[in-house]
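The structure appears right after this line, and notes come after that.
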Amino acid sequence: MDGFYPHIFTATVVHHDVGSEKYRYSVVFVPEDIKSGLPLSDFPKLRITGEVEDFPIEAALTPVRGQHYILLSRKLLTSIRKSLGDEVTVRFRIADQDAVDVPHSLESALAKAPAVKALWDDASPGKRRALAYMIASAKREATQNKRIEKVFAILEGRIDMKGNPI
């Protein structure tokens with residue numbers, strides 16, 4: 001255990017299929033001895049910050065059938081030169097469970113729309129993270145602007161998270 005990252009473990013990178021094998025992810029499962037010291041009953045999808053093989057991560061310990069895993073992106077695996085079957089060292093600490101990184105463009109748009117900002121403030125941290133990611137993942141300003149309109153429609157209850165009318 002080190003002071004900055006109090007939770008450290010080594011695990012093998014494996015595939016984890018979700019649904020009817022429609023989605024296949026590369027993950028590491030968190031060992032039971034690490035899980036036993038975490039507040040997973042209060043936060044079943046516990047947000048963490050740390051590193052995998054010295055590569056910074058922000059992630060969630062995602063529950064599945066009594067276990068928890070950390071999703072490892074292709075970009076991360078490429079960066080650390082690891083793949084399925086390789087062992088990796090994970091170091092982490094518990095993150096602020098309510099933290100949301102809000103892109104500047106969304107922050108500005110919300111500041112100009114107090115009624116929508118109030119709806120934003122009332123949304124759960126998880127929903128705000130998902131909506132913020134929708135904006136942050138857009139590369140072009142025009143795409144960000146379209147997605148901000150979609151976020152507003154979601155918050156106002158005009159469409160669901162998939163864009164379907166309500």
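Each chain in the structure tokens gets a letter, A, B, ..., in the order shown, and its residues are numbered from 1; ligands are numbered from 1 in order too.
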field: Neighbour list for A:Ala11 as a PyMOL selection string, cut-off 6 Å, only C-alpha atoms, skip fewer than 4 positions in-chain
entry: chain A and resi 28+87-88
Find the residues of stretch 18-99 of chain A that sit at most 10 Å from stretch 125-140 of chain A; for each, write down the nearest two atoms and how far apart they are in Å, to one decimal. Count only C-alpha atoms. Sort by chain, then by number going up, and give it as a tab-separated table.
residue	atom	partner	partner_atom	distance
A:Lys45	CA	A:Gly126	CA	10.0
A:Gln97	CA	A:Pro125	CA	7.7
A:Asp98	CA	A:Pro125	CA	5.3
A:Ala99	CA	A:Pro125	CA	7.0
For all heavy atoms, I'd like the residues from the last selection saved as a PDB file, in the first residue's frame.
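So the final result, stored in again_34.pdb, reads:
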ATOM      1  N   LYS A  45     -21.337   0.940  -7.854  1.00  0.00           N
ATOM      2  CA  LYS A  45     -20.503   1.272  -9.016  1.00  0.00           C
ATOM      3  C   LYS A  45     -19.546   2.380  -8.566  1.00  0.00           C
ATOM      4  O   LYS A  45     -19.679   3.538  -8.914  1.00  0.00           O
ATOM      5  CB  LYS A  45     -21.370   1.709 -10.191  1.00  0.00           C
ATOM      6  CG  LYS A  45     -20.621   1.699 -11.493  1.00  0.00           C
ATOM      7  CD  LYS A  45     -21.530   1.829 -12.683  1.00  0.00           C
ATOM      8  CE  LYS A  45     -20.678   1.768 -13.933  1.00  0.00           C
ATOM      9  NZ  LYS A  45     -21.454   1.885 -15.135  1.00  0.00           N
ATOM     10  N   GLN A  97     -17.467  10.714  -5.450  1.00  0.00           N
ATOM     11  CA  GLN A  97     -18.562  10.029  -6.142  1.00  0.00           C
ATOM     12  C   GLN A  97     -19.521  10.990  -6.847  1.00  0.00           C
ATOM     13  O   GLN A  97     -20.274  10.580  -7.731  1.00  0.00           O
ATOM     14  CB  GLN A  97     -19.328   9.140  -5.163  1.00  0.00           C
ATOM     15  CG  GLN A  97     -18.461   8.066  -4.533  1.00  0.00           C
ATOM     16  CD  GLN A  97     -17.755   7.182  -5.545  1.00  0.00           C
ATOM     17  OE1 GLN A  97     -18.399   6.434  -6.272  1.00  0.00           O
ATOM     18  NE2 GLN A  97     -16.427   7.258  -5.606  1.00  0.00           N
ATOM     19  N   ASP A  98     -19.489  12.267  -6.487  1.00  0.00           N
ATOM     20  CA  ASP A  98     -20.381  13.245  -7.107  1.00  0.00           C
ATOM     21  C   ASP A  98     -19.693  14.117  -8.156  1.00  0.00           C
ATOM     22  O   ASP A  98     -20.335  14.958  -8.776  1.00  0.00           O
ATOM     23  CB  ASP A  98     -21.000  14.150  -6.040  1.00  0.00           C
ATOM     24  CG  ASP A  98     -21.921  13.374  -5.105  1.00  0.00           C
ATOM     25  OD1 ASP A  98     -22.505  12.362  -5.551  1.00  0.00           O
ATOM     26  OD2 ASP A  98     -22.052  13.769  -3.943  1.00  0.00           O
ATOM     27  N   ALA A  99     -18.394  13.933  -8.361  1.00  0.00           N
ATOM     28  CA  ALA A  99     -17.649  14.787  -9.291  1.00  0.00           C
ATOM     29  C   ALA A  99     -18.087  14.563 -10.742  1.00  0.00           C
ATOM     30  O   ALA A  99     -18.326  13.426 -11.162  1.00  0.00           O
ATOM     31  CB  ALA A  99     -16.156  14.529  -9.165  1.00  0.00           C
TER      32      ALA A  99
END
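The gap separating atom CA of A:Phe4 from atom CA of A:Pro63 is 24.6 Å, in Å to one decimal.
The protein and nucleic acid residues lying at most 12 Å from A:Pro165 are Lys150, Ala153, Ile154, Glu156, Gly157, Arg158, Ile159, Asp160, Met161, Lys162 and Gly163 of chain A, with only C-alpha atoms considered and sequence neighbours fewer than 2 positions away removed.
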Compile the contact shell of A:Leu77 as a list in words: residues with an atom at most 10 Å away, counting only C-alpha atoms, same-chain residues fewer than 6 positions apart removed.
Val13, Ser26, Val52, Glu53, Phe55, Ser83, Leu84 and Val88 of chain A
Would you output that residue set with N, CA and C atoms, as an mmCIF file, in the first residue's frame?
data_model
loop_
_atom_site.group_PDB
_atom_site.id
_atom_site.type_symbol
_atom_site.label_atom_id
_atom_site.label_comp_id
_atom_site.auth_asym_id
_atom_site.auth_seq_id
_atom_site.Cartn_x
_atom_site.Cartn_y
_atom_site.Cartn_z
ATOM 1 N N VAL A 13 -5.632 -9.415 -17.706
ATOM 2 C CA VAL A 13 -6.597 -8.784 -18.615
ATOM 3 C C VAL A 13 -7.389 -9.904 -19.295
ATOM 4 N N SER A 26 -12.499 -5.564 -22.638
ATOM 5 C CA SER A 26 -11.297 -6.026 -21.949
ATOM 6 C C SER A 26 -11.347 -5.433 -20.548
ATOM 7 N N VAL A 52 -3.138 2.281 -14.310
ATOM 8 C CA VAL A 52 -2.881 0.906 -14.718
ATOM 9 C C VAL A 52 -1.511 0.935 -15.370
ATOM 10 N N GLU A 53 -0.548 0.248 -14.759
ATOM 11 C CA GLU A 53 0.825 0.251 -15.285
ATOM 12 C C GLU A 53 1.320 1.683 -15.516
ATOM 13 N N PHE A 55 -0.284 4.298 -16.257
ATOM 14 C CA PHE A 55 -1.120 5.078 -17.172
ATOM 15 C C PHE A 55 -2.333 5.555 -16.381
ATOM 16 N N SER A 83 -2.123 -6.765 -23.604
ATOM 17 C CA SER A 83 -3.289 -7.303 -24.293
ATOM 18 C C SER A 83 -3.890 -8.430 -23.455
ATOM 19 N N LEU A 84 -4.890 -9.087 -24.011
ATOM 20 C CA LEU A 84 -5.556 -10.179 -23.301
ATOM 21 C C LEU A 84 -4.534 -11.200 -22.810
ATOM 22 N N VAL A 88 -1.484 -6.963 -15.356
ATOM 23 C CA VAL A 88 -1.269 -5.528 -15.172
ATOM 24 C C VAL A 88 -1.365 -5.207 -13.684
#
query = chain A: which residues are helix (DSSP H, G or I) by DSSP, as a ChimeraX atom specification?
reply = /A:32-35,74-79,104-111,114-122,125-136,141-155
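With only C-alpha atoms as the basis for measurement, A:Thr12 is the residue among A:Thr12, A:Glu51, A:Phe29, A:Asp17 that approaches A:Lys82 most closely.
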Identify all residues of chain A in strand (DSSP E or B) (DSSP on the backbone) and supply them as a PyMOL selection string.
chain A and resi 7-12+14-18+23-29+46-52+55-64+67-71+87-94+159+165
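You can rank A:Glu149, A:Asp121, A:Asp96, A:Asp86 by their closest distance to A:Ala109 using only C-alpha atoms, and at the top of that list sits A:Glu149.
When atom CA of A:Val27 is paired with atom CA of A:Val151, their separation reads 29.6 Å.
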(message) Residues within 8 Å of A:Val116, please, as a ChimeraX atom specification. Count only C-alpha atoms; anything in the same chain fewer than 6 positions from it doesn't count.
(response) /A:110,152,155-156
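Going from atom CA of A:Ala60 over to atom CA of A:Val30, you cover 11.1 Å.
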Restricting to only C-alpha atoms, whichever of A:Val90, A:Leu106, A:Ala95, A:Ala115 is closest to A:Glu58 is A:Ala95
| said: For A:Leu46, find every residue with an atom within 8 Å (counting only C-alpha atoms), except residues of its own chain fewer than 5 positions away, and show them as an MDAnalysis selection string. | reply: chainID A and resid 39:40 60:62 94 97
I need the residues from that last selection saved to file as a PDB file, in the first residue's frame (with C-alpha atoms), if you can.
ATOM      1  CA  PRO A  39     -17.701   0.977   0.419  1.00  0.00           C
ATOM      2  CA  LEU A  40     -19.371  -1.085  -2.325  1.00  0.00           C
ATOM      3  CA  ALA A  60     -15.739   2.765 -11.996  1.00  0.00           C
ATOM      4  CA  LEU A  61     -15.664  -0.602 -10.295  1.00  0.00           C
ATOM      5  CA  THR A  62     -18.570  -2.136 -12.179  1.00  0.00           C
ATOM      6  CA  ILE A  94     -11.673   6.245  -4.185  1.00  0.00           C
ATOM      7  CA  GLN A  97     -18.562  10.029  -6.142  1.00  0.00           C
TER       8      GLN A  97
END
